[in-house]
Each structure stands twice: as structure tokens, then as C-alpha cells.
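I have placed the structure first, in the form of C-alpha cells, so that the comments after it can refer back to it.
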Amino acid sequence: MRDADATDAADVRYQIKGRRLTSHNNSRQLGALRDLPARAFDVLAAVLFQEDYRVLRAALIPHVRVLELAKRVERTNSWRFLLRDAIWSMPGVRDVTTELQQAEASWALALTDDSKA
């Protein structure tokens with residue numbers, strides 16, 4: 001599963017990237033994407049985290065959109081991708097913020113319940 005971090009039941013390949021925004025660094029640049037034109041993944045699952053690691057925003061971005069927006073960085077032999085707000089309104093992009101925030105809340109509740117046992 002080279003360059004894909006996960007697959008789903010339909011064999012869709014996901015590259016997963018996240019960025020924590022802080023008061024000292026609010027850059028939305030995700031980690032380097034390698035060999036982007038080879039299409040080693042189908043969807044970029046991208047998450048912006050708040051400073052306390054809570055989910056701020058999340059999106060599933062089709063490879064074609066990533067390829068359109070990413071910039072080649074020769075020095076590192078990679079592609080740079082910025083997770084700007086405009087991404088969420090692009091065709092084919094799925095906003096999964098609510099689903100991740102709900103999962104986050106469920107997980108926090110489960111941890112709290114386990115600590116009471």
C-alpha cells in the first residue's frame with residue numbers, strides 16, 4: 001500500500017495528513033506529498049487541529065483536486081499542499097468535520113466512562 005495510509009471496503013486508497021494550528025504557527029501546510037502524479041492514493045483525508053488537538057475542520061479531497069492545487073518543491077522532491085478554507089467549497093470535496101468531531105466526542109466520553117469503572 002505504497003503512499004496510501006488506509007483503504008476502505010471499496011478499496012479506495014487514502015493518504016492521511018493533519019496540521020495542528022497554534023498561536024505561534026498557524027500554517028496550513030500539510031506534510032510533504034511524494035510522487036503525486038503517480039496517483040498512489042485516491043483521496044487525501046486532511047484534518048486541521050486546534051491547539052488543544054480538537055478537530056477544527058476536516059475534508060476528504062479527491063486526488064485530482066490535490067494535483068490541481070499542490071505545488072512542486074524541487075529541493076525536497078515532493079509536493080506542498082495548503083489546506084485553505086476554499087478547499088471545502090471545491091467540487092468533489094467532502095466536508096467531514098462534523099463526523100470527526102462527533103467521533104472525537106464519543107471517544108472522549110468513552111475514556112471518561114472507562115476511568116469511572
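Labels used: A, B, ... for chains in the order of the C-alpha cells, numbers from 1 for residues in each chain, and numbers from 1 for ligands as shown.
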Enumerate the residues of chain A with a DSSP assignment of strand (DSSP E or B), computed from the backbone, and present them as a ChimeraX atom specification.
/A:6-7,13-20,29,33,43-49,55-62,71-73,78-80,82,94-95
Can you check which residues of chain A DSSP gives as helix (DSSP H, G or I) on the backbone and send them as an MDAnalysis selection string?
chainID A and resid 36:38 63:69 74:76 85:89 97:116
Please dump the current selection as an mmCIF file, in the first residue's frame; keep N, CA and C atoms.
```
data_model
loop_
_atom_site.group_PDB
_atom_site.id
_atom_site.type_symbol
_atom_site.label_atom_id
_atom_site.label_comp_id
_atom_site.auth_asym_id
_atom_site.auth_seq_id
_atom_site.Cartn_x
_atom_site.Cartn_y
_atom_site.Cartn_z
ATOM 1 N N LEU A 36 3.325 12.595 -6.358
ATOM 2 C CA LEU A 36 1.901 12.902 -6.537
ATOM 3 C C LEU A 36 1.335 12.501 -7.900
ATOM 4 N N PRO A 37 2.023 12.749 -9.004
ATOM 5 C CA PRO A 37 1.445 12.372 -10.306
ATOM 6 C C PRO A 37 1.224 10.870 -10.485
ATOM 7 N N ALA A 38 1.886 10.037 -9.706
ATOM 8 C CA ALA A 38 1.745 8.583 -9.831
ATOM 9 C C ALA A 38 0.397 8.084 -9.312
ATOM 10 N N HIS A 63 -7.979 13.064 -5.348
ATOM 11 C CA HIS A 63 -6.619 13.226 -5.858
ATOM 12 C C HIS A 63 -6.538 14.296 -6.941
ATOM 13 N N VAL A 64 -7.509 14.346 -7.826
ATOM 14 C CA VAL A 64 -7.485 15.322 -8.922
ATOM 15 C C VAL A 64 -7.430 16.755 -8.397
ATOM 16 N N ARG A 65 -8.138 17.049 -7.309
ATOM 17 C CA ARG A 65 -8.109 18.390 -6.713
ATOM 18 C C ARG A 65 -6.755 18.656 -6.063
ATOM 19 N N VAL A 66 -6.205 17.654 -5.403
ATOM 20 C CA VAL A 66 -4.885 17.804 -4.774
ATOM 21 C C VAL A 66 -3.856 18.122 -5.852
ATOM 22 N N LEU A 67 -3.887 17.388 -6.926
ATOM 23 C CA LEU A 67 -2.945 17.588 -8.027
ATOM 24 C C LEU A 67 -3.077 18.993 -8.624
ATOM 25 N N GLU A 68 -4.296 19.500 -8.713
ATOM 26 C CA GLU A 68 -4.520 20.854 -9.239
ATOM 27 C C GLU A 68 -3.905 21.930 -8.354
ATOM 28 N N LEU A 69 -3.947 21.724 -7.044
ATOM 29 C CA LEU A 69 -3.568 22.772 -6.091
ATOM 30 C C LEU A 69 -2.169 22.635 -5.493
ATOM 31 N N GLU A 74 11.097 21.268 -5.679
ATOM 32 C CA GLU A 74 12.243 20.526 -6.219
ATOM 33 C C GLU A 74 13.248 20.145 -5.141
ATOM 34 N N ARG A 75 13.519 21.077 -4.239
ATOM 35 C CA ARG A 75 14.544 20.873 -3.210
ATOM 36 C C ARG A 75 14.289 19.619 -2.375
ATOM 37 N N THR A 76 13.010 19.321 -2.121
ATOM 38 C CA THR A 76 12.667 18.161 -1.290
ATOM 39 C C THR A 76 12.074 17.010 -2.093
ATOM 40 N N ASP A 85 -9.213 27.481 3.455
ATOM 41 C CA ASP A 85 -10.661 27.395 3.641
ATOM 42 C C ASP A 85 -11.410 27.139 2.332
ATOM 43 N N ALA A 86 -10.895 27.641 1.222
ATOM 44 C CA ALA A 86 -11.565 27.485 -0.076
ATOM 45 C C ALA A 86 -11.684 26.019 -0.497
ATOM 46 N N ILE A 87 -10.857 25.163 0.053
ATOM 47 C CA ILE A 87 -10.877 23.728 -0.295
ATOM 48 C C ILE A 87 -12.270 23.143 -0.054
ATOM 49 N N TRP A 88 -12.904 23.516 1.039
ATOM 50 C CA TRP A 88 -14.182 22.911 1.420
ATOM 51 C C TRP A 88 -15.309 23.216 0.439
ATOM 52 N N SER A 89 -15.158 24.239 -0.382
ATOM 53 C CA SER A 89 -16.216 24.566 -1.342
ATOM 54 C C SER A 89 -15.894 24.072 -2.754
ATOM 55 N N THR A 97 -15.993 17.334 8.779
ATOM 56 C CA THR A 97 -15.718 17.948 10.081
ATOM 57 C C THR A 97 -16.673 17.428 11.155
ATOM 58 N N THR A 98 -17.958 17.472 10.874
ATOM 59 C CA THR A 98 -18.954 17.061 11.872
ATOM 60 C C THR A 98 -18.760 15.609 12.287
ATOM 61 N N GLU A 99 -18.530 14.731 11.304
ATOM 62 C CA GLU A 99 -18.336 13.306 11.631
ATOM 63 C C GLU A 99 -17.120 13.093 12.536
ATOM 64 N N LEU A 100 -16.031 13.789 12.232
ATOM 65 C CA LEU A 100 -14.833 13.621 13.070
ATOM 66 C C LEU A 100 -15.030 14.225 14.448
ATOM 67 N N GLN A 101 -15.706 15.367 14.521
ATOM 68 C CA GLN A 101 -15.966 15.976 15.828
ATOM 69 C C GLN A 101 -16.882 15.087 16.673
ATOM 70 N N GLN A 102 -17.863 14.439 16.043
ATOM 71 C CA GLN A 102 -18.734 13.512 16.777
ATOM 72 C C GLN A 102 -17.952 12.296 17.261
ATOM 73 N N ALA A 103 -17.082 11.765 16.409
ATOM 74 C CA ALA A 103 -16.248 10.628 16.812
ATOM 75 C C ALA A 103 -15.320 11.030 17.956
ATOM 76 N N GLU A 104 -14.786 12.223 17.870
ATOM 77 C CA GLU A 104 -13.910 12.749 18.911
ATOM 78 C C GLU A 104 -14.661 12.837 20.250
ATOM 79 N N ALA A 105 -15.893 13.348 20.202
ATOM 80 C CA ALA A 105 -16.703 13.476 21.416
ATOM 81 C C ALA A 105 -17.059 12.107 21.987
ATOM 82 N N SER A 106 -17.379 11.153 21.121
ATOM 83 C CA SER A 106 -17.698 9.793 21.584
ATOM 84 C C SER A 106 -16.501 9.146 22.242
ATOM 85 N N TRP A 107 -15.340 9.350 21.630
ATOM 86 C CA TRP A 107 -14.106 8.782 22.181
ATOM 87 C C TRP A 107 -13.806 9.384 23.548
ATOM 88 N N ALA A 108 -13.961 10.722 23.671
ATOM 89 C CA ALA A 108 -13.726 11.393 24.951
ATOM 90 C C ALA A 108 -14.686 10.874 26.008
ATOM 91 N N LEU A 109 -15.949 10.649 25.645
ATOM 92 C CA LEU A 109 -16.931 10.125 26.577
ATOM 93 C C LEU A 109 -16.566 8.704 27.001
ATOM 94 N N ALA A 110 -16.137 7.883 26.050
ATOM 95 C CA ALA A 110 -15.732 6.519 26.375
ATOM 96 C C ALA A 110 -14.554 6.507 27.326
ATOM 97 N N LEU A 111 -13.607 7.404 27.137
ATOM 98 C CA LEU A 111 -12.458 7.480 28.036
ATOM 99 C C LEU A 111 -12.893 7.885 29.431
ATOM 100 N N THR A 112 -13.836 8.819 29.512
ATOM 101 C CA THR A 112 -14.343 9.279 30.793
ATOM 102 C C THR A 112 -15.076 8.137 31.506
ATOM 103 N N ASP A 113 -15.913 7.402 30.754
ATOM 104 C CA ASP A 113 -16.654 6.276 31.330
ATOM 105 C C ASP A 113 -15.707 5.184 31.812
ATOM 106 N N ASP A 114 -14.644 4.904 31.065
ATOM 107 C CA ASP A 114 -13.666 3.892 31.462
ATOM 108 C C ASP A 114 -12.942 4.276 32.744
ATOM 109 N N SER A 115 -12.700 5.573 32.931
ATOM 110 C CA SER A 115 -11.979 5.994 34.122
ATOM 111 C C SER A 115 -12.843 5.890 35.375
ATOM 112 N N LYS A 116 -14.180 5.829 35.195
ATOM 113 C CA LYS A 116 -15.090 5.696 36.342
ATOM 114 C C LYS A 116 -15.251 4.246 36.778
#
```
Let me make sure I understand: among A:Glu51, A:Asp42, A:Asp5, A:Asp95, which one has the smallest atom-to-atom distance to A:Leu21 if we use only C-alpha atoms?
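With only C-alpha atoms as the atom set, the closest residue is A:Glu51.
Neighbours of A:Ala58 closer than or equal to 6 Å, with only C-alpha atoms counted and sequence neighbours fewer than 4 positions away skipped, come out as Ala46, Val47, Val96 and Thr97 of chain A.
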Out of A:Arg94, A:Lys17, A:Arg80, A:His24, which residue has the shortest atom-to-atom distance to A:Pro62 when counting only C-alpha atoms?
A:Arg94
Quick one, how far is atom CA of A:Asp52 from atom CA of A:Val93?
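Atom CA of A:Val93 lies 25.7 Å from atom CA of A:Asp52.
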Considering only C-alpha atoms, return as an MDAnalysis selection string whatever protein or nucleic-acid residues lie within 8 Å of A:Ala32, sequence-local ones (same chain, fewer than 4 positions apart) excluded.
chainID A and resid 78:81
